[in-house]
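For reference, final17.txt (compact mmCIF, N, CA and C atoms):
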```txt
# COMPACT_ATOMS: atom_id res chain seq x y z
N MET A 6 -143.39 135.25 143.39
CA MET A 6 -142.36 135.69 142.48
C MET A 6 -141.22 136.38 143.23
N LYS A 7 -141.60 137.20 144.25
CA LYS A 7 -140.57 137.87 145.04
C LYS A 7 -139.70 136.86 145.78
N ARG A 8 -140.33 135.82 146.27
CA ARG A 8 -139.58 134.79 147.00
C ARG A 8 -138.59 134.09 146.07
N LEU A 9 -139.04 133.78 144.90
CA LEU A 9 -138.17 133.10 143.94
C LEU A 9 -136.98 134.00 143.57
N LEU A 10 -137.24 135.26 143.32
CA LEU A 10 -136.18 136.20 142.98
C LEU A 10 -135.21 136.35 144.16
N SER A 11 -135.75 136.43 145.37
CA SER A 11 -134.90 136.54 146.57
C SER A 11 -134.03 135.30 146.72
N LEU A 12 -134.61 134.14 146.50
CA LEU A 12 -133.87 132.89 146.60
C LEU A 12 -132.75 132.83 145.56
N ILE A 13 -133.05 133.23 144.35
CA ILE A 13 -132.05 133.22 143.29
C ILE A 13 -130.91 134.18 143.63
N LEU A 14 -131.23 135.37 144.10
CA LEU A 14 -130.20 136.34 144.47
C LEU A 14 -129.36 135.83 145.64
N LEU A 15 -130.00 135.20 146.60
CA LEU A 15 -129.29 134.65 147.74
C LEU A 15 -128.33 133.55 147.30
N LEU A 16 -128.78 132.65 146.46
CA LEU A 16 -127.92 131.58 145.95
C LEU A 16 -126.78 132.15 145.11
N PHE A 17 -127.07 133.15 144.31
CA PHE A 17 -126.03 133.78 143.50
C PHE A 17 -124.95 134.39 144.40
N ALA A 18 -125.36 135.11 145.42
CA ALA A 18 -124.41 135.72 146.36
C ALA A 18 -123.59 134.65 147.07
N PHE A 19 -124.24 133.59 147.49
CA PHE A 19 -123.55 132.49 148.17
C PHE A 19 -122.45 131.90 147.28
N PHE A 20 -122.79 131.62 146.03
CA PHE A 20 -121.81 131.03 145.12
C PHE A 20 -120.68 132.00 144.79
N CYS A 21 -120.99 133.27 144.66
CA CYS A 21 -119.95 134.26 144.37
C CYS A 21 -118.92 134.33 145.49
N PHE A 22 -119.38 134.32 146.72
CA PHE A 22 -118.47 134.46 147.85
C PHE A 22 -117.86 133.14 148.30
N SER A 23 -118.39 132.03 147.84
CA SER A 23 -117.86 130.72 148.22
C SER A 23 -116.54 130.43 147.53
N PHE A 24 -116.30 131.04 146.41
CA PHE A 24 -115.11 130.72 145.63
C PHE A 24 -114.01 131.76 145.74
N VAL A 25 -114.11 132.62 146.72
CA VAL A 25 -113.08 133.61 146.97
C VAL A 25 -111.97 132.95 147.76
N SER A 26 -110.73 133.11 147.33
CA SER A 26 -109.60 132.51 148.05
C SER A 26 -109.46 133.16 149.41
N PRO A 27 -109.27 132.36 150.45
CA PRO A 27 -109.08 132.95 151.77
C PRO A 27 -107.74 133.66 151.85
N ALA A 28 -107.72 134.73 152.61
CA ALA A 28 -106.46 135.45 152.81
C ALA A 28 -105.53 134.61 153.67
N LEU A 29 -104.26 134.76 153.44
CA LEU A 29 -103.29 134.04 154.25
C LEU A 29 -103.29 134.61 155.66
N ALA A 30 -103.21 133.74 156.64
CA ALA A 30 -103.19 134.19 158.03
C ALA A 30 -101.88 134.87 158.37
N GLY A 31 -100.81 134.41 157.76
CA GLY A 31 -99.48 134.93 158.08
C GLY A 31 -99.11 136.16 157.28
N ASP A 32 -98.04 136.79 157.69
CA ASP A 32 -97.49 137.98 157.05
C ASP A 32 -96.22 137.57 156.29
N ALA A 33 -96.33 137.52 154.97
CA ALA A 33 -95.21 137.05 154.15
C ALA A 33 -93.96 137.92 154.31
N ALA A 34 -94.15 139.21 154.47
CA ALA A 34 -92.99 140.10 154.63
C ALA A 34 -92.22 139.77 155.90
N ALA A 35 -92.94 139.53 156.99
CA ALA A 35 -92.29 139.14 158.25
C ALA A 35 -91.69 137.74 158.12
N GLY A 36 -92.36 136.88 157.37
CA GLY A 36 -91.88 135.51 157.19
C GLY A 36 -90.56 135.42 156.46
N LYS A 37 -90.25 136.41 155.63
CA LYS A 37 -89.00 136.38 154.86
C LYS A 37 -87.78 136.34 155.79
N GLY A 38 -87.77 137.19 156.80
CA GLY A 38 -86.64 137.22 157.73
C GLY A 38 -86.54 135.95 158.56
N ILE A 39 -87.68 135.44 158.97
CA ILE A 39 -87.72 134.20 159.76
C ILE A 39 -87.22 133.04 158.91
N PHE A 40 -87.68 132.99 157.66
CA PHE A 40 -87.24 131.95 156.72
C PHE A 40 -85.73 132.02 156.52
N THR A 41 -85.22 133.23 156.29
CA THR A 41 -83.78 133.41 156.06
C THR A 41 -82.97 132.92 157.25
N ALA A 42 -83.44 133.20 158.45
CA ALA A 42 -82.70 132.83 159.66
C ALA A 42 -82.82 131.35 160.02
N ASN A 43 -83.93 130.71 159.64
CA ASN A 43 -84.19 129.36 160.13
C ASN A 43 -84.31 128.28 159.06
N CYS A 44 -84.57 128.67 157.82
CA CYS A 44 -84.92 127.68 156.80
C CYS A 44 -84.01 127.70 155.57
N ALA A 45 -83.43 128.86 155.28
CA ALA A 45 -82.71 129.03 154.01
C ALA A 45 -81.50 128.13 153.87
N SER A 46 -80.91 127.70 154.97
CA SER A 46 -79.73 126.84 154.84
C SER A 46 -80.07 125.52 154.14
N CYS A 47 -81.27 125.03 154.29
CA CYS A 47 -81.70 123.81 153.60
C CYS A 47 -82.58 124.11 152.38
N HIS A 48 -83.25 125.25 152.40
CA HIS A 48 -84.24 125.55 151.35
C HIS A 48 -83.88 126.80 150.54
N MET A 49 -82.61 126.98 150.21
CA MET A 49 -82.20 128.13 149.40
C MET A 49 -82.97 128.17 148.10
N GLY A 50 -83.55 129.30 147.80
CA GLY A 50 -84.25 129.47 146.53
C GLY A 50 -85.39 128.50 146.31
N GLY A 51 -85.97 128.00 147.38
CA GLY A 51 -87.09 127.07 147.26
C GLY A 51 -86.69 125.63 147.04
N GLY A 52 -85.41 125.35 147.09
CA GLY A 52 -84.94 123.98 146.90
C GLY A 52 -84.94 123.20 148.19
N ASN A 53 -84.26 122.07 148.18
CA ASN A 53 -84.10 121.24 149.37
C ASN A 53 -82.76 120.54 149.24
N VAL A 54 -81.74 121.04 149.95
CA VAL A 54 -80.40 120.48 149.81
C VAL A 54 -80.25 119.12 150.49
N VAL A 55 -81.19 118.76 151.35
CA VAL A 55 -81.12 117.48 152.05
C VAL A 55 -81.84 116.38 151.28
N ALA A 56 -83.09 116.63 150.89
CA ALA A 56 -83.91 115.58 150.28
C ALA A 56 -84.08 115.72 148.77
N GLY A 57 -83.53 116.75 148.16
CA GLY A 57 -83.64 116.91 146.72
C GLY A 57 -84.83 117.75 146.30
N ALA A 58 -84.86 118.08 145.03
CA ALA A 58 -85.86 119.00 144.48
C ALA A 58 -87.29 118.51 144.63
N SER A 59 -87.49 117.19 144.65
CA SER A 59 -88.85 116.68 144.75
C SER A 59 -89.50 117.03 146.09
N LYS A 60 -88.69 117.38 147.08
CA LYS A 60 -89.21 117.79 148.39
C LYS A 60 -88.96 119.27 148.64
N GLY A 61 -88.73 120.01 147.56
CA GLY A 61 -88.46 121.44 147.68
C GLY A 61 -89.72 122.25 147.90
N LEU A 62 -89.59 123.55 147.75
CA LEU A 62 -90.68 124.46 148.03
C LEU A 62 -91.20 125.17 146.78
N THR A 63 -90.87 124.62 145.61
CA THR A 63 -91.45 125.18 144.39
C THR A 63 -92.93 124.83 144.36
N LYS A 64 -93.68 125.55 143.57
CA LYS A 64 -95.12 125.29 143.49
C LYS A 64 -95.39 123.85 143.07
N ASP A 65 -94.66 123.37 142.06
CA ASP A 65 -94.87 121.99 141.59
C ASP A 65 -94.56 120.97 142.69
N ALA A 66 -93.44 121.17 143.39
CA ALA A 66 -93.07 120.22 144.46
C ALA A 66 -94.10 120.25 145.58
N LEU A 67 -94.53 121.44 145.97
CA LEU A 67 -95.55 121.54 147.03
C LEU A 67 -96.84 120.87 146.60
N GLU A 68 -97.23 121.11 145.35
CA GLU A 68 -98.46 120.52 144.83
C GLU A 68 -98.35 118.99 144.78
N ASN A 69 -97.24 118.48 144.27
CA ASN A 69 -97.04 117.03 144.16
C ASN A 69 -97.03 116.34 145.52
N ASN A 70 -96.59 117.06 146.55
CA ASN A 70 -96.52 116.49 147.91
C ASN A 70 -97.71 116.88 148.78
N LYS A 71 -98.75 117.42 148.14
CA LYS A 71 -99.98 117.83 148.84
C LYS A 71 -99.67 118.82 149.97
N MET A 72 -98.77 119.76 149.68
CA MET A 72 -98.35 120.75 150.67
C MET A 72 -98.65 122.18 150.21
N LEU A 73 -99.45 122.34 149.18
CA LEU A 73 -99.70 123.66 148.62
C LEU A 73 -100.85 124.36 149.35
N SER A 74 -100.73 124.44 150.67
CA SER A 74 -101.70 125.20 151.48
C SER A 74 -100.99 125.69 152.73
N GLU A 75 -101.48 126.78 153.25
CA GLU A 75 -100.87 127.33 154.46
C GLU A 75 -100.98 126.33 155.61
N GLU A 76 -102.11 125.65 155.71
CA GLU A 76 -102.31 124.68 156.79
C GLU A 76 -101.30 123.55 156.73
N ALA A 77 -101.05 123.03 155.53
CA ALA A 77 -100.11 121.92 155.38
C ALA A 77 -98.69 122.35 155.73
N ILE A 78 -98.31 123.54 155.29
CA ILE A 78 -96.96 124.03 155.59
C ILE A 78 -96.81 124.30 157.07
N ILE A 79 -97.84 124.88 157.69
CA ILE A 79 -97.80 125.12 159.14
C ILE A 79 -97.60 123.81 159.89
N ALA A 80 -98.33 122.77 159.49
CA ALA A 80 -98.20 121.47 160.16
C ALA A 80 -96.79 120.91 159.99
N GLN A 81 -96.24 121.01 158.79
CA GLN A 81 -94.89 120.50 158.51
C GLN A 81 -93.84 121.24 159.33
N VAL A 82 -93.93 122.57 159.36
CA VAL A 82 -92.95 123.37 160.10
C VAL A 82 -93.09 123.11 161.60
N THR A 83 -94.31 122.99 162.07
CA THR A 83 -94.56 122.79 163.50
C THR A 83 -94.06 121.43 163.97
N LYS A 84 -94.44 120.37 163.24
CA LYS A 84 -94.15 119.01 163.69
C LYS A 84 -92.87 118.41 163.10
N GLY A 85 -92.45 118.93 161.95
CA GLY A 85 -91.31 118.34 161.27
C GLY A 85 -91.68 116.99 160.67
N LYS A 86 -90.76 116.42 159.90
CA LYS A 86 -90.99 115.11 159.29
C LYS A 86 -89.71 114.69 158.59
N ALA A 87 -89.31 113.46 158.78
CA ALA A 87 -88.08 112.92 158.18
C ALA A 87 -86.90 113.82 158.54
N ALA A 88 -86.19 114.35 157.56
CA ALA A 88 -85.01 115.18 157.84
C ALA A 88 -85.37 116.59 158.30
N MET A 89 -86.63 116.98 158.13
CA MET A 89 -87.05 118.32 158.54
C MET A 89 -87.31 118.35 160.03
N PRO A 90 -86.61 119.22 160.76
CA PRO A 90 -86.84 119.30 162.21
C PRO A 90 -88.14 120.02 162.53
N ALA A 91 -88.68 119.75 163.69
CA ALA A 91 -89.86 120.46 164.18
C ALA A 91 -89.43 121.82 164.73
N PHE A 92 -90.23 122.83 164.47
CA PHE A 92 -89.93 124.16 164.97
C PHE A 92 -90.86 124.57 166.10
N LEU A 93 -91.70 123.65 166.56
CA LEU A 93 -92.55 123.90 167.72
C LEU A 93 -91.65 124.16 168.91
N GLY A 94 -91.85 125.28 169.57
CA GLY A 94 -91.01 125.64 170.71
C GLY A 94 -89.84 126.53 170.33
N ARG A 95 -89.43 126.48 169.06
CA ARG A 95 -88.35 127.36 168.59
C ARG A 95 -88.91 128.61 167.93
N LEU A 96 -90.05 128.46 167.29
CA LEU A 96 -90.75 129.58 166.68
C LEU A 96 -92.14 129.68 167.28
N THR A 97 -92.67 130.88 167.36
CA THR A 97 -94.04 131.06 167.86
C THR A 97 -95.02 130.65 166.76
N ASP A 98 -96.28 130.47 167.14
CA ASP A 98 -97.31 130.16 166.14
C ASP A 98 -97.37 131.25 165.07
N THR A 99 -97.27 132.49 165.49
CA THR A 99 -97.31 133.61 164.54
C THR A 99 -96.13 133.55 163.58
N GLN A 100 -94.95 133.26 164.08
CA GLN A 100 -93.78 133.15 163.21
C GLN A 100 -93.93 132.01 162.20
N ILE A 101 -94.49 130.90 162.65
CA ILE A 101 -94.71 129.76 161.75
C ILE A 101 -95.73 130.13 160.67
N GLU A 102 -96.80 130.84 161.05
CA GLU A 102 -97.78 131.30 160.07
C GLU A 102 -97.13 132.25 159.07
N ASP A 103 -96.26 133.13 159.56
CA ASP A 103 -95.56 134.07 158.67
C ASP A 103 -94.66 133.33 157.68
N VAL A 104 -93.94 132.32 158.15
CA VAL A 104 -93.09 131.53 157.26
C VAL A 104 -93.94 130.82 156.21
N ALA A 105 -95.06 130.25 156.61
CA ALA A 105 -95.94 129.57 155.66
C ALA A 105 -96.44 130.54 154.60
N ALA A 106 -96.83 131.74 155.01
CA ALA A 106 -97.29 132.75 154.05
C ALA A 106 -96.16 133.12 153.09
N TYR A 107 -94.96 133.26 153.61
CA TYR A 107 -93.80 133.59 152.77
C TYR A 107 -93.52 132.47 151.76
N VAL A 108 -93.51 131.24 152.23
CA VAL A 108 -93.24 130.10 151.34
C VAL A 108 -94.27 130.05 150.22
N LEU A 109 -95.54 130.20 150.56
CA LEU A 109 -96.58 130.17 149.52
C LEU A 109 -96.44 131.33 148.55
N SER A 110 -96.15 132.51 149.06
CA SER A 110 -96.00 133.66 148.17
C SER A 110 -94.82 133.47 147.23
N GLN A 111 -93.73 132.92 147.73
CA GLN A 111 -92.56 132.67 146.89
C GLN A 111 -92.81 131.54 145.89
N ALA A 112 -93.53 130.52 146.32
CA ALA A 112 -93.86 129.42 145.41
C ALA A 112 -94.71 129.94 144.25
N GLU A 113 -95.68 130.78 144.56
CA GLU A 113 -96.54 131.37 143.52
C GLU A 113 -95.72 132.25 142.58
N ALA A 114 -94.73 132.95 143.12
CA ALA A 114 -93.91 133.86 142.31
C ALA A 114 -92.79 133.14 141.57
N GLY A 115 -92.58 131.87 141.86
CA GLY A 115 -91.54 131.09 141.19
C GLY A 115 -90.17 131.19 141.83
N TRP A 116 -90.13 131.58 143.11
CA TRP A 116 -88.89 131.74 143.84
C TRP A 116 -87.95 132.61 143.05
```

Just give me the structure of the file as structure tokens.
Amino acid sequence: MKRLLSLILLLFAFFCFSFVSPALAGDAAAGKGIFTANCASCHMGGGNVVAGASKGLTKDALENNKMLSEEAIIAQVTKGKAAMPAFLGRLTDTQIEDVAAYVLSQAEAGW
């Protein structure tokens, strides 16, 4: 009986902690300044002046383009794609993580 109760408690704890959202690696406050200096000319207010709103940074646009994660945004900023330039070598890994955290925080807040 003790084993069964221990197993149930262990499984309960596992499931409780499995669904906790991971903390963002980047610092959104630091990312704001980096975004303003490097990204805002094309992405003012979460938009996209080059490719249009469908490629913007609103929560819906990020979700529709499978970009609603810090990892996806980091990859996009690092490598670039289409009209978006790569920032590898221009920004440090930490700065890119900070920008990704800022973009996600703003997308969640509705820009």

One-decimal distance in Å that lies between atom C of Thr41 of chain A and atom C of Asp103 of chain A: 11.7 Å

Atomic distance atom C of Glu75 of chain A - atom CA of Ala105 of chain A, expressed in Å with one decimal: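 Between atom C of Glu75 of chain A and atom CA of Ala105 of chain A the gap works out to 6.0 Å.
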
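Of the listed residues A:Trp116, A:Ala88, A:Glu102, A:Met6, the one whose atoms come nearest to Val55 of chain A is A:Ala88, with distances taken using all atoms listed in the file.
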
Å distance separating atom CA of Ala87 of chain A from atom CA of Asp65 of chain A, one decimal place: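 Rounded to one decimal, the two atoms are 20.1 Å apart.
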
Using only C-alpha atoms: which of A:Ala114, A:Met72, A:Met49, A:Ile79 has the shortest distance to Thr97 of chain A: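 Between A:Ala114, A:Met72, A:Met49, A:Ile79, the residue approaching Thr97 of chain A most closely is A:Ile79.
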
Neighbour list for segment 90-96 of chain A as a list in words, cut-off 10 Å, only C-alpha atoms, skip fewer than 5 positions in-chain: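 Using only C-alpha atoms, the neighbours found are Ile39, Asn43, Ile79, Ala80, Gln81, Val82, Thr83, Lys84, Gly85, Ile101, Glu102 and Val104 of chain A.
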
Would you list, as a short mmCIF file (atom, residue, chain, number, x, y, z; two decimals) with N, CA and C atoms, in the coordinates of the input, the residues of chain A that end up in helix (DSSP H, G or I) under DSSP run on this structure's backbone?
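Now in result.cif:
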```
data_model
loop_
_atom_site.label_atom_id
_atom_site.label_comp_id
_atom_site.auth_asym_id
_atom_site.auth_seq_id
_atom_site.Cartn_x
_atom_site.Cartn_y
_atom_site.Cartn_z
N LYS A 7 -141.60 137.20 144.25
CA LYS A 7 -140.57 137.87 145.04
C LYS A 7 -139.70 136.86 145.78
N ARG A 8 -140.33 135.82 146.27
CA ARG A 8 -139.58 134.79 147.00
C ARG A 8 -138.59 134.09 146.07
N LEU A 9 -139.04 133.78 144.90
CA LEU A 9 -138.17 133.10 143.94
C LEU A 9 -136.98 134.00 143.57
N LEU A 10 -137.24 135.26 143.32
CA LEU A 10 -136.18 136.20 142.98
C LEU A 10 -135.21 136.35 144.16
N SER A 11 -135.75 136.43 145.37
CA SER A 11 -134.90 136.54 146.57
C SER A 11 -134.03 135.30 146.72
N LEU A 12 -134.61 134.14 146.50
CA LEU A 12 -133.87 132.89 146.60
C LEU A 12 -132.75 132.83 145.56
N ILE A 13 -133.05 133.23 144.35
CA ILE A 13 -132.05 133.22 143.29
C ILE A 13 -130.91 134.18 143.63
N LEU A 14 -131.23 135.37 144.10
CA LEU A 14 -130.20 136.34 144.47
C LEU A 14 -129.36 135.83 145.64
N LEU A 15 -130.00 135.20 146.60
CA LEU A 15 -129.29 134.65 147.74
C LEU A 15 -128.33 133.55 147.30
N LEU A 16 -128.78 132.65 146.46
CA LEU A 16 -127.92 131.58 145.95
C LEU A 16 -126.78 132.15 145.11
N PHE A 17 -127.07 133.15 144.31
CA PHE A 17 -126.03 133.78 143.50
C PHE A 17 -124.95 134.39 144.40
N ALA A 18 -125.36 135.11 145.42
CA ALA A 18 -124.41 135.72 146.36
C ALA A 18 -123.59 134.65 147.07
N PHE A 19 -124.24 133.59 147.49
CA PHE A 19 -123.55 132.49 148.17
C PHE A 19 -122.45 131.90 147.28
N PHE A 20 -122.79 131.62 146.03
CA PHE A 20 -121.81 131.03 145.12
C PHE A 20 -120.68 132.00 144.79
N CYS A 21 -120.99 133.27 144.66
CA CYS A 21 -119.95 134.26 144.37
C CYS A 21 -118.92 134.33 145.49
N PHE A 22 -119.38 134.32 146.72
CA PHE A 22 -118.47 134.46 147.85
C PHE A 22 -117.86 133.14 148.30
N SER A 23 -118.39 132.03 147.84
CA SER A 23 -117.86 130.72 148.22
C SER A 23 -116.54 130.43 147.53
N ALA A 33 -96.33 137.52 154.97
CA ALA A 33 -95.21 137.05 154.15
C ALA A 33 -93.96 137.92 154.31
N ALA A 34 -94.15 139.21 154.47
CA ALA A 34 -92.99 140.10 154.63
C ALA A 34 -92.22 139.77 155.90
N ALA A 35 -92.94 139.53 156.99
CA ALA A 35 -92.29 139.14 158.25
C ALA A 35 -91.69 137.74 158.12
N GLY A 36 -92.36 136.88 157.37
CA GLY A 36 -91.88 135.51 157.19
C GLY A 36 -90.56 135.42 156.46
N LYS A 37 -90.25 136.41 155.63
CA LYS A 37 -89.00 136.38 154.86
C LYS A 37 -87.78 136.34 155.79
N GLY A 38 -87.77 137.19 156.80
CA GLY A 38 -86.64 137.22 157.73
C GLY A 38 -86.54 135.95 158.56
N ILE A 39 -87.68 135.44 158.97
CA ILE A 39 -87.72 134.20 159.76
C ILE A 39 -87.22 133.04 158.91
N PHE A 40 -87.68 132.99 157.66
CA PHE A 40 -87.24 131.95 156.72
C PHE A 40 -85.73 132.02 156.52
N THR A 41 -85.22 133.23 156.29
CA THR A 41 -83.78 133.41 156.06
C THR A 41 -82.97 132.92 157.25
N ALA A 42 -83.44 133.20 158.45
CA ALA A 42 -82.70 132.83 159.66
C ALA A 42 -82.82 131.35 160.02
N ASN A 43 -83.93 130.71 159.64
CA ASN A 43 -84.19 129.36 160.13
C ASN A 43 -84.31 128.28 159.06
N ALA A 45 -83.43 128.86 155.28
CA ALA A 45 -82.71 129.03 154.01
C ALA A 45 -81.50 128.13 153.87
N SER A 46 -80.91 127.70 154.97
CA SER A 46 -79.73 126.84 154.84
C SER A 46 -80.07 125.52 154.14
N CYS A 47 -81.27 125.03 154.29
CA CYS A 47 -81.70 123.81 153.60
C CYS A 47 -82.58 124.11 152.38
N HIS A 48 -83.25 125.25 152.40
CA HIS A 48 -84.24 125.55 151.35
C HIS A 48 -83.88 126.80 150.54
N MET A 49 -82.61 126.98 150.21
CA MET A 49 -82.20 128.13 149.40
C MET A 49 -82.97 128.17 148.10
N GLY A 50 -83.55 129.30 147.80
CA GLY A 50 -84.25 129.47 146.53
C GLY A 50 -85.39 128.50 146.31
N GLY A 51 -85.97 128.00 147.38
CA GLY A 51 -87.09 127.07 147.26
C GLY A 51 -86.69 125.63 147.04
N ALA A 58 -84.86 118.08 145.03
CA ALA A 58 -85.86 119.00 144.48
C ALA A 58 -87.29 118.51 144.63
N SER A 59 -87.49 117.19 144.65
CA SER A 59 -88.85 116.68 144.75
C SER A 59 -89.50 117.03 146.09
N LYS A 60 -88.69 117.38 147.08
CA LYS A 60 -89.21 117.79 148.39
C LYS A 60 -88.96 119.27 148.64
N LYS A 64 -93.68 125.55 143.57
CA LYS A 64 -95.12 125.29 143.49
C LYS A 64 -95.39 123.85 143.07
N ASP A 65 -94.66 123.37 142.06
CA ASP A 65 -94.87 121.99 141.59
C ASP A 65 -94.56 120.97 142.69
N ALA A 66 -93.44 121.17 143.39
CA ALA A 66 -93.07 120.22 144.46
C ALA A 66 -94.10 120.25 145.58
N LEU A 67 -94.53 121.44 145.97
CA LEU A 67 -95.55 121.54 147.03
C LEU A 67 -96.84 120.87 146.60
N GLU A 68 -97.23 121.11 145.35
CA GLU A 68 -98.46 120.52 144.83
C GLU A 68 -98.35 118.99 144.78
N ASN A 69 -97.24 118.48 144.27
CA ASN A 69 -97.04 117.03 144.16
C ASN A 69 -97.03 116.34 145.52
N GLU A 75 -101.48 126.78 153.25
CA GLU A 75 -100.87 127.33 154.46
C GLU A 75 -100.98 126.33 155.61
N GLU A 76 -102.11 125.65 155.71
CA GLU A 76 -102.31 124.68 156.79
C GLU A 76 -101.30 123.55 156.73
N ALA A 77 -101.05 123.03 155.53
CA ALA A 77 -100.11 121.92 155.38
C ALA A 77 -98.69 122.35 155.73
N ILE A 78 -98.31 123.54 155.29
CA ILE A 78 -96.96 124.03 155.59
C ILE A 78 -96.81 124.30 157.07
N ILE A 79 -97.84 124.88 157.69
CA ILE A 79 -97.80 125.12 159.14
C ILE A 79 -97.60 123.81 159.89
N ALA A 80 -98.33 122.77 159.49
CA ALA A 80 -98.20 121.47 160.16
C ALA A 80 -96.79 120.91 159.99
N GLN A 81 -96.24 121.01 158.79
CA GLN A 81 -94.89 120.50 158.51
C GLN A 81 -93.84 121.24 159.33
N VAL A 82 -93.93 122.57 159.36
CA VAL A 82 -92.95 123.37 160.10
C VAL A 82 -93.09 123.11 161.60
N THR A 83 -94.31 122.99 162.07
CA THR A 83 -94.56 122.79 163.50
C THR A 83 -94.06 121.43 163.97
N LYS A 84 -94.44 120.37 163.24
CA LYS A 84 -94.15 119.01 163.69
C LYS A 84 -92.87 118.41 163.10
N ASP A 98 -96.28 130.47 167.14
CA ASP A 98 -97.31 130.16 166.14
C ASP A 98 -97.37 131.25 165.07
N THR A 99 -97.27 132.49 165.49
CA THR A 99 -97.31 133.61 164.54
C THR A 99 -96.13 133.55 163.58
N GLN A 100 -94.95 133.26 164.08
CA GLN A 100 -93.78 133.15 163.21
C GLN A 100 -93.93 132.01 162.20
N ILE A 101 -94.49 130.90 162.65
CA ILE A 101 -94.71 129.76 161.75
C ILE A 101 -95.73 130.13 160.67
N GLU A 102 -96.80 130.84 161.05
CA GLU A 102 -97.78 131.30 160.07
C GLU A 102 -97.13 132.25 159.07
N ASP A 103 -96.26 133.13 159.56
CA ASP A 103 -95.56 134.07 158.67
C ASP A 103 -94.66 133.33 157.68
N VAL A 104 -93.94 132.32 158.15
CA VAL A 104 -93.09 131.53 157.26
C VAL A 104 -93.94 130.82 156.21
N ALA A 105 -95.06 130.25 156.61
CA ALA A 105 -95.94 129.57 155.66
C ALA A 105 -96.44 130.54 154.60
N ALA A 106 -96.83 131.74 155.01
CA ALA A 106 -97.29 132.75 154.05
C ALA A 106 -96.16 133.12 153.09
N TYR A 107 -94.96 133.26 153.61
CA TYR A 107 -93.80 133.59 152.77
C TYR A 107 -93.52 132.47 151.76
N VAL A 108 -93.51 131.24 152.23
CA VAL A 108 -93.24 130.10 151.34
C VAL A 108 -94.27 130.05 150.22
N LEU A 109 -95.54 130.20 150.56
CA LEU A 109 -96.58 130.17 149.52
C LEU A 109 -96.44 131.33 148.55
N SER A 110 -96.15 132.51 149.06
CA SER A 110 -96.00 133.66 148.17
C SER A 110 -94.82 133.47 147.23
N GLN A 111 -93.73 132.92 147.73
CA GLN A 111 -92.56 132.67 146.89
C GLN A 111 -92.81 131.54 145.89
N ALA A 112 -93.53 130.52 146.32
CA ALA A 112 -93.86 129.42 145.41
C ALA A 112 -94.71 129.94 144.25
N GLU A 113 -95.68 130.78 144.56
CA GLU A 113 -96.54 131.37 143.52
C GLU A 113 -95.72 132.25 142.58
N ALA A 114 -94.73 132.95 143.12
CA ALA A 114 -93.91 133.86 142.31
C ALA A 114 -92.79 133.14 141.57
#
```

Best match for closeness to Ala33 of chain A among A:Cys47, A:Met89, A:Ala112, A:Ala106, counting all atoms listed in the file: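 Closest candidate: A:Ala106.
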